[in-house]
Amino acid sequence: MVMSSVNVKMVLVGWDGWSTVIGVLGIKKRAQHTALGGGSAEFEGGDQFALQVNWWNEEGMQSLMCRETSCSRHFIVDVRAIGLLSLRLAMAVFLGMGMMVAAFRHEVVPPPGRITFLSVKPNSVLLSWGCPQGLQGPKIFRVKWSSSNKVEDFMIVKDLLRMEISNLGIGQRYEFSVATEDDDGILRSEPLAIHTEDCYKMFTDLTPDTDYVISVSTVLSNQLSERIPIRIHTEPCLGELLSKLGLAEQYENKLTISTVLEINQNDISGHKPESANSLPEAFVKRLITLDTNTRSVHCLSHNVDTDKKNAINPLDLSTAIFLCSDGFLQQDMVLKMSLCQFAVPLLLPNQEQREITMMLWSMREIVQTFSPSIQAFSKMSCEERMVLSDVPLVSFVRLGRTAFSKSELLNRLFSNNQHYHDTFYHRNMECGDVPRKISEGLVEITWYLPCGNKKIDKFTEPVAVANLRGDIKAFDLQFSFLCQTSAAVYVFCDESEADYFKNLEGRDVKADVILISSVQGKTFTLKTVQVKPSFKATNESQRRKNPMELLEPLHKSISKVLESSPNKVSIANMAKTARDFGILVDEDSDECQSAKKNVNKVTRYITDTSVFKATQLPSQGQVWKAISWIENEYWRLRNNKSKNKEDYRESLKTKEKDLRQKQQRFEKSPAMSDFLHGVVTSEVQRYYFLKWLEIDLENVSWDHVSRLQNQYKEICQKFPQDEEKIADIDKQISDVSLCLKHFFRECGQLYECSNSLPEHSRQRKTMENLPALHAQMLLDGFPVELVDGDASNIPIKWITDVLTELHNLMHSSSKVKVIAVIGSENSGKSTLLNSMFGVRFAVSRGRGTRGAFIQLINVHKDIKVELGCDCIMLIDTEGLKPHQMVENDHSHERDKEVASLAVALSDITIVSLAKGNSREEDVLEIVLQAFTRLKDKGEKQCHIVCSNMADLPAAEKRKSNTVLVQQLNKIIQKDVNMKKANITKISEVMKFDPETCCWNIPPLRCGTPPMAPVSGDYSKIVHTLKTRLLGDLRKSKERGDLTQFVKRLERVWKTL
Ligand SMILES: Nc1nc2c(ncn2[C@@H]2O[C@H](COP(=O)(O)OP(=O)(O)OP(=O)(O)O)[C@@H](O)[C@H]2O)c(=O)[nH]1
Ligand SMILES: [Mg+2]
């Protein structure tokens, strides 16, 4: 029998009775059993054995006999107790007739790398050491020190590569050693000695982050020597910065999405931040509304050019906000940062706690579409969730200070030829040179992704780029982590400091290390570093006079790394390494992990999405569609062949009753039970659960849906007349798509069904809380489906109860004003609402919104009176398709009905047009018809936005507005129904001033995706539009609270 090599001192040997040897049962690390080597063995059971164990060590063969023990299937040899620290151990176990020979090797515990002192103070020392080579898994170190007067002490640390030893004697010599420990086997580093600082005076109660001058003179016989001054700057303190930013409370009670979405005075007035404590709000609001100038936010109260002391570095500001936000706001901010093409935090430092957190959860939502070189040829692109994507990482760090901006150089290096972009904030940007207080040690990440066009792409392969803020001497942990996870680490340093890299000799460095070495900031060279067997740097480029001249060799060097099938680790997999280094991972919280487990219970039922919907979400299937048809028919009487309306309606009612009974027979499915279980647990866990589910569902249906969406988009563009095909793909998309809305829909249907059950029935009781739960979700920023886009119907009982519960949750103060968007399909309606208000309506490339969704925004108490409401409801609707659909069930009229509903419910309607679209006129016709159905025609405020339009000079804009008004008037005059109603011009249909209500919205992105950021012009106009809309809302008359809203909703839907 052969035993594999083991790395422990305990061996568990097992056998069975007198004759059968069953071999080694296992290896036990920390045995709690009494060890045989100590003279006794622990056995369980009945038989008696005579037992002998032989082994060999450096001293020759040793043996141990054990007789008449009680029976066991195992016993334990404690190698440590026998004093064995040898390399080879062979063991024989004689058991009566049976004999077993086990041979195994014991490996040497590798010692830690070199010890260095990061700081030496009068009574403390900051010690760091290298990672033991080749040692996998958790690492335990024994740090020992002894002073010259023989005081000794030690500490055991786990998974850390540095520690601060305090309470040392002042001005004394200490010797330190660090040993890797595996159980009790230890191998120590070379000891290193140092003197703690001598002659000192401790000053306490100094102000953090302040300049002090301290001078010392010698006093001898009352004579004073010359003063020797020293200037010091006390360390900044996180608490102080948070107080300055007004975030002290949020460090414990985190900021949430719903609080930052709230509309307040600043939204109405558009005031710029006056003082530091309004900066966080301004930053987050700008960011979630995709403002590309977010990072340059500063207060008006001080001049950023002259008042550096009071100014705040944007990296400090964003770090503070991240430290004070909950996981969902962090995730939202990271998503918006990536859309703005800003680098996002990978390792977030918390200086106060001396903790570093890897922001894996925060990055989960980032999805990008790009074309690596293999696919560029076939014009195919891949759509990937970036944390799961195996993309090589190249990292950039610095040793000491650099005379130029590393981040600016990176921006140049990774900006496409087409468009320069400041992905990393750098010192030459607004407030970028303000000293950083809490963001030192931050590691940011971004991705360079090719679009497949050689003229545009800088690199033909995707690459992740990390940037460490601060000096690697002070942030050794981050540096070591990057050395382990990157394909290459580029280090900016001065030649005089190159010796520092000898440090790397004992370390586990997986990455290629390349120096961007300068000689006193005058000449610059690229050097490759060889660490093993000893440190050696070789020039890779010629000397250059200017760091920017290094761009070309750097580009070459990175391309070489990318071509050489480099080490590729997805961010999700990097989390393992992070944990080994003692770095926290944001996803490791109990709530997040339990939520994930609950999601797995739901998703285990999914193999095919359509089958899953049919079997696990049956209440919303064909039966609900049939009920919807009947409900709509009841009011609209489109198919009534018999003359008597009442008889017809009666027959419909009977059919509906039958169908409802059929629907009630569907039991709550196992997946739905698991879903409800996931949703009703604690509030924090609920949102983790929903987010995980959203992400997992997207991963499941991704390929199929996106393929169909691309087809849909292509056919709509190339063959708009092929309505049959368009309808077919549309149906396929709705069949295969599976997302959160389907689960919520099922909740609605289960609730509606349970409502017709007897009041005390168990099933009804279990559904009772669902409306309140959904009301809370609406308050917390989740959209709710108003019109079911597949069944073309509103589950009216469900919506009524959800909104009534919401009214109760708002303590009956739920006066609401409504902004709705309608218009051309795929014209950016959902994107527009999202960018204006920071909300999260579904956005997609092909077929996006179906039916209608609502989302709620709170109004701050200070402006409730001014705005005339307690909350604002946003309604996002399905795009209008003027083509005649082939179906004969009137569902093709759904989009028109939804548009009319939205217009009727709203106080302001935004009409979105895709300019240049051949169907523009048809869309306008549907819009005008929706307005003319209203009782209060001509009263409703309307804004028309034209997407993808460049901003025009004032005169041209006026001209184009006049053309639009003429076009609208022409449509009115042609329309038979409007003629009948004596309507002749636009002012009789809607409140619309062409001077102030026509908007040209520039293209969303600036350049070619995926590297194109959101355009600054887009965010500027969208921001102005939002301010205008809020101004209009203020003037619009009050229309009651949510209870009145639901009544209006029911009335309007029935009479459409
Ligand atoms: N070029 C360009 N693309 C945009 C603009 N606004 C949105 N998009 C993109 O166009 C796609 C569709 O945007 P959506 O906001 O879903 O459009 P929609 O009008 O809501 O679409 P439907 O709901 O399907 O009618 C998304 O990929 C957006 O990123 C824009 O102004 N210009
Ligand atoms: Mg949409």
# chains A, B, ... in the order shown; residues from 1 in each chain; ligands from 1
$ residues_near_ligand --ligand "ligand 2" --cutoff "7 Å" --atoms "only C-alpha atoms and all ligand atoms" --output "PyMOL selection string"
chain A and resi 826+828-830+842-843+848-849+876-879
$ residues_near_ligand --ligand "ligand 1" --cutoff "9 Å" --atoms "only C-alpha atoms and all ligand atoms" --output "ChimeraX atom specification"
/A:821-834,841-851,876-881,912-914,946-949,1001-1005,1018
$ write_last_selection --atoms "N, CA and C atoms" --output "short mmCIF file (atom, residue, chain, number, x, y, z; two decimals), in the first residue's frame"
data_model
loop_
_atom_site.label_atom_id
_atom_site.label_comp_id
_atom_site.auth_asym_id
_atom_site.auth_seq_id
_atom_site.Cartn_x
_atom_site.Cartn_y
_atom_site.Cartn_z
N VAL A 821 -43.61 57.70 -19.75
CA VAL A 821 -42.94 57.83 -21.04
C VAL A 821 -43.62 56.89 -22.02
N ILE A 822 -43.90 57.40 -23.23
CA ILE A 822 -44.41 56.55 -24.31
C ILE A 822 -43.62 56.89 -25.58
N GLY A 823 -43.75 56.09 -26.60
CA GLY A 823 -43.09 56.47 -27.86
C GLY A 823 -42.51 55.31 -28.62
N SER A 824 -41.65 55.66 -29.58
CA SER A 824 -41.14 54.65 -30.52
C SER A 824 -40.41 53.54 -29.78
N GLU A 825 -40.53 52.38 -30.39
CA GLU A 825 -39.86 51.21 -29.87
C GLU A 825 -38.34 51.43 -29.90
N ASN A 826 -37.66 50.96 -28.86
CA ASN A 826 -36.20 50.99 -28.84
C ASN A 826 -35.60 52.39 -29.01
N SER A 827 -36.35 53.41 -28.58
CA SER A 827 -35.83 54.77 -28.77
C SER A 827 -35.14 55.28 -27.51
N GLY A 828 -34.95 54.39 -26.55
CA GLY A 828 -34.22 54.79 -25.34
C GLY A 828 -35.13 55.34 -24.24
N LYS A 829 -36.39 54.90 -24.20
CA LYS A 829 -37.33 55.42 -23.20
C LYS A 829 -36.92 54.99 -21.79
N SER A 830 -36.66 53.68 -21.64
CA SER A 830 -36.30 53.19 -20.31
C SER A 830 -34.97 53.81 -19.88
N THR A 831 -34.04 53.88 -20.83
CA THR A 831 -32.73 54.47 -20.51
C THR A 831 -32.90 55.92 -20.05
N LEU A 832 -33.80 56.63 -20.70
CA LEU A 832 -34.01 58.04 -20.35
C LEU A 832 -34.52 58.17 -18.92
N LEU A 833 -35.52 57.38 -18.56
CA LEU A 833 -36.03 57.45 -17.17
C LEU A 833 -34.94 57.05 -16.18
N ASN A 834 -34.21 56.00 -16.53
CA ASN A 834 -33.13 55.55 -15.64
C ASN A 834 -32.09 56.63 -15.44
N PHE A 841 -35.38 50.58 -14.62
CA PHE A 841 -36.27 49.89 -15.55
C PHE A 841 -35.42 49.05 -16.49
N ALA A 842 -36.02 47.93 -16.94
CA ALA A 842 -35.24 47.03 -17.80
C ALA A 842 -34.90 47.69 -19.12
N VAL A 843 -33.65 47.57 -19.50
CA VAL A 843 -33.16 48.15 -20.75
C VAL A 843 -32.58 47.02 -21.56
N SER A 844 -32.89 47.00 -22.84
CA SER A 844 -32.23 45.94 -23.60
C SER A 844 -32.01 46.37 -25.04
N ARG A 845 -31.19 45.57 -25.71
CA ARG A 845 -30.75 45.98 -27.03
C ARG A 845 -31.82 45.77 -28.08
N GLY A 846 -32.60 44.72 -27.95
CA GLY A 846 -33.61 44.45 -28.97
C GLY A 846 -34.98 44.77 -28.43
N ARG A 847 -35.71 43.72 -28.13
CA ARG A 847 -37.06 43.87 -27.62
C ARG A 847 -36.95 44.13 -26.12
N GLY A 848 -37.29 45.35 -25.69
CA GLY A 848 -37.08 45.70 -24.29
C GLY A 848 -38.33 45.55 -23.45
N THR A 849 -38.92 46.71 -23.12
CA THR A 849 -40.08 46.72 -22.22
C THR A 849 -41.31 46.13 -22.91
N ARG A 850 -42.03 45.31 -22.17
CA ARG A 850 -43.35 44.85 -22.64
C ARG A 850 -44.35 45.22 -21.57
N GLY A 851 -45.53 45.67 -22.00
CA GLY A 851 -46.51 46.10 -21.02
C GLY A 851 -46.08 47.42 -20.38
N ASP A 876 -43.03 53.36 -17.10
CA ASP A 876 -42.28 53.04 -18.33
C ASP A 876 -43.15 52.12 -19.16
N THR A 877 -43.25 52.40 -20.44
CA THR A 877 -44.19 51.62 -21.26
C THR A 877 -43.49 50.94 -22.43
N GLU A 878 -44.22 50.02 -22.99
CA GLU A 878 -43.76 49.29 -24.17
C GLU A 878 -43.70 50.23 -25.37
N GLY A 879 -42.69 50.01 -26.23
CA GLY A 879 -42.55 50.85 -27.41
C GLY A 879 -43.72 50.65 -28.38
N LEU A 880 -44.06 51.72 -29.07
CA LEU A 880 -45.19 51.64 -30.01
C LEU A 880 -44.72 51.03 -31.32
N LYS A 881 -45.50 50.04 -31.79
CA LYS A 881 -45.14 49.40 -33.06
C LYS A 881 -46.27 49.67 -34.03
N SER A 912 -41.25 59.85 -26.70
CA SER A 912 -39.89 59.62 -27.20
C SER A 912 -39.94 59.19 -28.66
N LEU A 913 -39.20 59.89 -29.49
CA LEU A 913 -39.21 59.55 -30.92
C LEU A 913 -37.82 59.15 -31.37
N ALA A 914 -37.76 58.13 -32.23
CA ALA A 914 -36.47 57.79 -32.85
C ALA A 914 -36.47 58.53 -34.17
N CYS A 946 -36.44 63.75 -28.95
CA CYS A 946 -35.99 63.03 -30.15
C CYS A 946 -34.62 62.47 -29.83
N SER A 947 -34.49 61.15 -29.85
CA SER A 947 -33.22 60.56 -29.45
C SER A 947 -32.21 60.55 -30.59
N ASN A 948 -30.96 60.38 -30.19
CA ASN A 948 -29.85 60.32 -31.15
C ASN A 948 -29.73 61.54 -32.02
N MET A 949 -29.99 62.70 -31.46
CA MET A 949 -29.90 63.92 -32.26
C MET A 949 -28.79 64.81 -31.72
N ILE A 1001 -32.16 64.85 -27.86
CA ILE A 1001 -31.29 64.12 -26.95
C ILE A 1001 -30.13 63.55 -27.74
N PRO A 1002 -28.90 63.94 -27.41
CA PRO A 1002 -27.74 63.44 -28.17
C PRO A 1002 -27.54 61.94 -27.94
N PRO A 1003 -26.74 61.31 -28.80
CA PRO A 1003 -26.49 59.88 -28.60
C PRO A 1003 -25.98 59.59 -27.20
N LEU A 1004 -26.40 58.44 -26.68
CA LEU A 1004 -26.09 58.07 -25.30
C LEU A 1004 -24.60 57.92 -25.07
N ARG A 1005 -23.92 57.30 -26.03
CA ARG A 1005 -22.51 57.01 -25.80
C ARG A 1005 -21.65 57.81 -26.74
N TYR A 1018 -25.17 64.00 -23.38
CA TYR A 1018 -26.40 63.28 -23.05
C TYR A 1018 -26.77 63.57 -21.59
#
$ closest_atom_pairs --of "stretch 744-789 of chain A" --to "stretch 797-800 of chain A" --cutoff "7 Å" --atoms "only C-alpha atoms" --output "Markdown table"
| residue | atom | partner | partner_atom | distance |
| --- | --- | --- | --- | --- |
| A:Gly748 | CA | A:Trp798 | CA | 5.5 |
| A:Tyr751 | CA | A:Trp798 | CA | 6.8 |
| A:Glu752 | CA | A:Trp798 | CA | 6.2 |
$ residues_around --residues "stretch 239-245 of chain A" --least-positions-apart "4" --cutoff "10 Å" --atoms "only C-alpha atoms" --output "list of chain:residue names"
A:Thr207, A:Pro208, A:Asp209, A:Glu249, A:Gln250, A:Tyr251, A:Ser275, A:Ala276, A:Asn277, A:Ser278, A:Leu279, A:Pro280, A:Glu281, A:Asn310, A:Ile312, A:Asp316, A:Leu317, A:Ala320, A:Ile321, A:Leu323, A:Cys324, A:Gln351, A:Glu352, A:Lys437, A:Ile438
$ write_last_selection --atoms "C-alpha atoms" --output "tab-separated table (two decimals), in the first residue's frame"
chain	number	residue	atom	x	y	z
A	207	THR	CA	-5.24	66.94	15.60
A	208	PRO	CA	-5.32	64.34	12.84
A	209	ASP	CA	-4.19	65.32	9.37
A	249	GLU	CA	-23.80	58.32	10.96
A	250	GLN	CA	-23.86	56.40	7.70
A	251	TYR	CA	-20.73	54.51	8.65
A	275	SER	CA	-20.07	72.77	1.68
A	276	ALA	CA	-18.25	69.49	2.14
A	277	ASN	CA	-21.22	67.78	3.75
A	278	SER	CA	-23.29	68.14	0.59
A	279	LEU	CA	-20.59	66.52	-1.56
A	280	PRO	CA	-21.59	62.85	-1.00
A	281	GLU	CA	-25.18	63.46	-2.04
A	310	ASN	CA	-10.11	72.10	2.74
A	312	ILE	CA	-11.26	66.75	-0.83
A	316	ASP	CA	-11.28	60.02	-0.90
A	317	LEU	CA	-14.84	61.11	-1.53
A	320	ALA	CA	-15.87	57.38	1.93
A	321	ILE	CA	-19.16	56.90	0.08
A	323	LEU	CA	-17.56	52.66	3.02
A	324	CYS	CA	-20.89	54.20	4.00
A	351	GLN	CA	-7.91	52.55	7.16
A	352	GLU	CA	-9.62	52.71	10.53
A	437	LYS	CA	-6.31	60.73	3.16
A	438	ILE	CA	-8.28	57.50	3.16
$ closest_residue --among "A:Glu714, A:Glu746, A:Glu656, A:Glu591" --to "A:Thr615" --atoms "only C-alpha atoms"
A:Glu746
$ residues_around --residues "A:Lys406" --least-positions-apart "6" --cutoff "9 Å" --atoms "only C-alpha atoms" --output "ChimeraX atom specification"
/A:396-398,426,467,492
$ write_last_selection --atoms "all heavy atoms" --output "PDB file, in the first residue's frame"
ATOM      1  N   PHE A 396      -0.779  47.848 -12.326  1.00  0.00           N
ATOM      2  CA  PHE A 396       0.180  48.943 -12.333  1.00  0.00           C
ATOM      3  C   PHE A 396       0.309  49.486 -10.923  1.00  0.00           C
ATOM      4  O   PHE A 396      -0.691  49.830 -10.291  1.00  0.00           O
ATOM      5  CB  PHE A 396      -0.295  50.039 -13.295  1.00  0.00           C
ATOM      6  CG  PHE A 396      -0.266  49.585 -14.731  1.00  0.00           C
ATOM      7  CD1 PHE A 396      -1.320  48.855 -15.259  1.00  0.00           C
ATOM      8  CD2 PHE A 396       0.832  49.836 -15.524  1.00  0.00           C
ATOM      9  CE1 PHE A 396      -1.284  48.395 -16.555  1.00  0.00           C
ATOM     10  CE2 PHE A 396       0.879  49.378 -16.829  1.00  0.00           C
ATOM     11  CZ  PHE A 396      -0.182  48.660 -17.352  1.00  0.00           C
ATOM     12  N   VAL A 397       1.551  49.507 -10.432  1.00  0.00           N
ATOM     13  CA  VAL A 397       1.788  49.972  -9.066  1.00  0.00           C
ATOM     14  C   VAL A 397       3.010  50.882  -9.086  1.00  0.00           C
ATOM     15  O   VAL A 397       3.682  50.994 -10.119  1.00  0.00           O
ATOM     16  CB  VAL A 397       2.049  48.781  -8.116  1.00  0.00           C
ATOM     17  CG1 VAL A 397       0.879  47.822  -8.082  1.00  0.00           C
ATOM     18  CG2 VAL A 397       3.319  48.026  -8.511  1.00  0.00           C
ATOM     19  N   ARG A 398       3.248  51.540  -7.981  1.00  0.00           N
ATOM     20  CA  ARG A 398       4.474  52.344  -7.953  1.00  0.00           C
ATOM     21  C   ARG A 398       5.244  52.103  -6.663  1.00  0.00           C
ATOM     22  O   ARG A 398       4.657  51.778  -5.626  1.00  0.00           O
ATOM     23  CB  ARG A 398       4.163  53.830  -8.133  1.00  0.00           C
ATOM     24  CG  ARG A 398       3.480  54.469  -6.967  1.00  0.00           C
ATOM     25  CD  ARG A 398       3.315  55.966  -7.189  1.00  0.00           C
ATOM     26  NE  ARG A 398       2.211  56.494  -6.432  1.00  0.00           N
ATOM     27  CZ  ARG A 398       2.296  56.842  -5.155  1.00  0.00           C
ATOM     28  NH1 ARG A 398       3.435  56.734  -4.493  1.00  0.00           N
ATOM     29  NH2 ARG A 398       1.239  57.315  -4.515  1.00  0.00           N
ATOM     30  N   HIS A 426      -6.896  61.274 -12.121  1.00  0.00           N
ATOM     31  CA  HIS A 426      -5.460  61.504 -11.903  1.00  0.00           C
ATOM     32  C   HIS A 426      -5.181  62.896 -11.375  1.00  0.00           C
ATOM     33  O   HIS A 426      -6.077  63.737 -11.293  1.00  0.00           O
ATOM     34  CB  HIS A 426      -4.670  61.198 -13.175  1.00  0.00           C
ATOM     35  CG  HIS A 426      -5.083  62.035 -14.336  1.00  0.00           C
ATOM     36  ND1 HIS A 426      -4.631  63.306 -14.516  1.00  0.00           N
ATOM     37  CD2 HIS A 426      -5.925  61.767 -15.363  1.00  0.00           C
ATOM     38  CE1 HIS A 426      -5.162  63.807 -15.622  1.00  0.00           C
ATOM     39  NE2 HIS A 426      -5.957  62.889 -16.153  1.00  0.00           N
ATOM     40  N   ASN A 467      -5.011  49.219 -10.843  1.00  0.00           N
ATOM     41  CA  ASN A 467      -4.168  50.359 -10.516  1.00  0.00           C
ATOM     42  C   ASN A 467      -4.172  50.536  -8.999  1.00  0.00           C
ATOM     43  O   ASN A 467      -5.221  50.768  -8.407  1.00  0.00           O
ATOM     44  CB  ASN A 467      -4.770  51.591 -11.224  1.00  0.00           C
ATOM     45  CG  ASN A 467      -3.964  52.854 -11.008  1.00  0.00           C
ATOM     46  OD1 ASN A 467      -2.821  52.800 -10.538  1.00  0.00           O
ATOM     47  ND2 ASN A 467      -4.549  53.992 -11.341  1.00  0.00           N
ATOM     48  N   PHE A 492       6.202  51.241 -11.448  1.00  0.00           N
ATOM     49  CA  PHE A 492       6.868  52.516 -11.698  1.00  0.00           C
ATOM     50  C   PHE A 492       7.812  52.745 -10.534  1.00  0.00           C
ATOM     51  O   PHE A 492       7.377  52.722  -9.375  1.00  0.00           O
ATOM     52  CB  PHE A 492       5.854  53.663 -11.749  1.00  0.00           C
ATOM     53  CG  PHE A 492       4.918  53.607 -12.926  1.00  0.00           C
ATOM     54  CD1 PHE A 492       3.909  52.653 -12.987  1.00  0.00           C
ATOM     55  CD2 PHE A 492       5.035  54.505 -13.984  1.00  0.00           C
ATOM     56  CE1 PHE A 492       3.044  52.598 -14.073  1.00  0.00           C
ATOM     57  CE2 PHE A 492       4.182  54.450 -15.067  1.00  0.00           C
ATOM     58  CZ  PHE A 492       3.179  53.490 -15.120  1.00  0.00           C
TER      59      PHE A 492
END
$ residues_around --residues "A:Arg665" --least-positions-apart "4" --cutoff "10 Å" --atoms "only C-alpha atoms" --output "number ranges by chain"
A: 619, 659-661, 753
$ residues_around --residues "A:Ser541" --least-positions-apart "6" --cutoff "7 Å" --atoms "only C-alpha atoms" --output "mmCIF file with all heavy atoms, in the first residue's frame"
data_model
loop_
_atom_site.group_PDB
_atom_site.id
_atom_site.type_symbol
_atom_site.label_atom_id
_atom_site.label_comp_id
_atom_site.auth_asym_id
_atom_site.auth_seq_id
_atom_site.Cartn_x
_atom_site.Cartn_y
_atom_site.Cartn_z
ATOM 1 N N THR A 525 13.063 53.786 -18.616
ATOM 2 C CA THR A 525 13.341 52.533 -19.327
ATOM 3 C C THR A 525 12.393 51.446 -18.829
ATOM 4 O O THR A 525 12.023 51.430 -17.657
ATOM 5 C CB THR A 525 14.766 52.017 -19.021
ATOM 6 O OG1 THR A 525 15.599 53.120 -18.789
ATOM 7 C CG2 THR A 525 15.294 51.134 -20.125
ATOM 8 N N LEU A 526 12.043 50.551 -19.737
ATOM 9 C CA LEU A 526 11.230 49.385 -19.354
ATOM 10 C C LEU A 526 12.179 48.218 -19.097
ATOM 11 O O LEU A 526 13.042 47.936 -19.933
ATOM 12 C CB LEU A 526 10.328 49.061 -20.546
ATOM 13 C CG LEU A 526 8.900 48.684 -20.271
ATOM 14 C CD1 LEU A 526 8.206 49.819 -19.547
ATOM 15 C CD2 LEU A 526 8.189 48.389 -21.578
ATOM 16 N N PRO A 553 6.586 51.277 -26.120
ATOM 17 C CA PRO A 553 7.109 50.002 -25.583
ATOM 18 C C PRO A 553 6.177 49.328 -24.591
ATOM 19 O O PRO A 553 6.102 48.102 -24.544
ATOM 20 C CB PRO A 553 8.423 50.408 -24.903
ATOM 21 C CG PRO A 553 8.504 51.865 -24.929
ATOM 22 C CD PRO A 553 7.528 52.394 -25.921
#
$ closest_residue --among "A:Arg364, A:Arg295, A:Lys1047, A:Lys985" --to "A:Ala343" --atoms "only C-alpha atoms"
A:Arg295
$ residues_around --residues "A:Ser362" --least-positions-apart "3" --cutoff "6 Å" --atoms "only C-alpha atoms" --output "PyMOL selection string"
chain A and resi 330-331+359
$ select_by_dssp --residues "stretch 386-557 of chain A" --states "strand (DSSP E)" --output "NGL selection string"
:A and (393-398 or 443-448 or 463-471 or 488-494 or 512-519 or 523-530 or 536-539)
$ write_last_selection --atoms "C-alpha atoms" --output "short mmCIF file (atom, residue, chain, number, x, y, z; two decimals), in the first residue's frame"
data_model
loop_
_atom_site.label_atom_id
_atom_site.label_comp_id
_atom_site.auth_asym_id
_atom_site.auth_seq_id
_atom_site.Cartn_x
_atom_site.Cartn_y
_atom_site.Cartn_z
CA LEU A 393 -5.15 41.07 -15.44
CA VAL A 394 -2.29 43.52 -15.79
CA SER A 395 -1.56 45.63 -12.74
CA PHE A 396 0.18 48.94 -12.33
CA VAL A 397 1.79 49.97 -9.07
CA ARG A 398 4.47 52.34 -7.95
CA VAL A 443 -6.93 49.17 -5.98
CA GLU A 444 -9.13 50.14 -8.90
CA ILE A 445 -9.94 48.01 -11.89
CA THR A 446 -11.21 48.60 -15.40
CA TRP A 447 -11.34 46.54 -18.57
CA TYR A 448 -9.95 47.25 -21.98
CA VAL A 463 -7.56 42.76 -20.64
CA ALA A 464 -8.38 43.80 -17.08
CA VAL A 465 -6.29 46.67 -15.73
CA ALA A 466 -5.67 47.24 -12.02
CA ASN A 467 -4.17 50.36 -10.52
CA LEU A 468 -2.91 50.55 -6.92
CA ARG A 469 -3.13 53.98 -5.34
CA GLY A 470 -0.19 54.55 -3.00
CA ASP A 471 3.31 53.22 -2.54
CA ALA A 488 1.91 41.01 -15.37
CA VAL A 489 2.67 43.66 -12.79
CA TYR A 490 4.19 46.91 -14.02
CA VAL A 491 6.05 48.83 -11.34
CA PHE A 492 6.87 52.52 -11.70
CA CYS A 493 10.02 53.19 -9.70
CA ASP A 494 13.29 55.03 -9.52
CA ASP A 512 5.70 38.75 -14.86
CA VAL A 513 7.23 41.76 -13.13
CA ILE A 514 8.20 44.66 -15.35
CA LEU A 515 9.78 47.85 -14.10
CA ILE A 516 9.10 51.26 -15.55
CA SER A 517 12.31 52.53 -14.19
CA SER A 518 13.45 56.14 -14.17
CA VAL A 519 16.71 57.81 -13.31
CA THR A 523 15.14 59.09 -18.29
CA PHE A 524 12.77 56.16 -18.42
CA THR A 525 13.34 52.53 -19.33
CA LEU A 526 11.23 49.39 -19.35
CA LYS A 527 12.94 46.45 -17.65
CA THR A 528 11.86 42.88 -17.22
CA VAL A 529 12.59 41.36 -13.87
CA GLN A 530 13.70 37.86 -13.17
CA LYS A 536 17.93 40.39 -12.21
CA ALA A 537 16.55 43.27 -14.31
CA THR A 538 17.00 43.35 -18.09
CA ASN A 539 16.31 46.37 -20.28
#
$ atom_distance --atom1 "atom CA of A:Glu235" --atom2 "atom CA of A:Thr196"
20.4 Å
$ atom_distance --atom1 "atom CA of A:Pro392" --atom2 "atom CA of A:Asp586"
22.1 Å
$ closest_residue --among "A:Leu118, A:Leu778, A:Val1046, A:Leu924" --to "A:Thr804" --atoms "only C-alpha atoms"
A:Val1046
$ select_by_dssp --residues "stretch 539-759 of chain A" --states "alpha helix (DSSP H)" --output "PyMOL selection string"
chain A and resi 551-563+571-580+590-603+609-616+622-636+645-664+670-680+683-718+723-736+740-755
$ closest_residue --among "A:Ser734, A:Ser682, A:Ser258, A:Gln929" --to "A:Val705" --atoms "only C-alpha atoms"
A:Ser734
$ atom_distance --atom1 "atom CA of A:Asp433" --atom2 "atom CA of A:Phe404"
11.6 Å
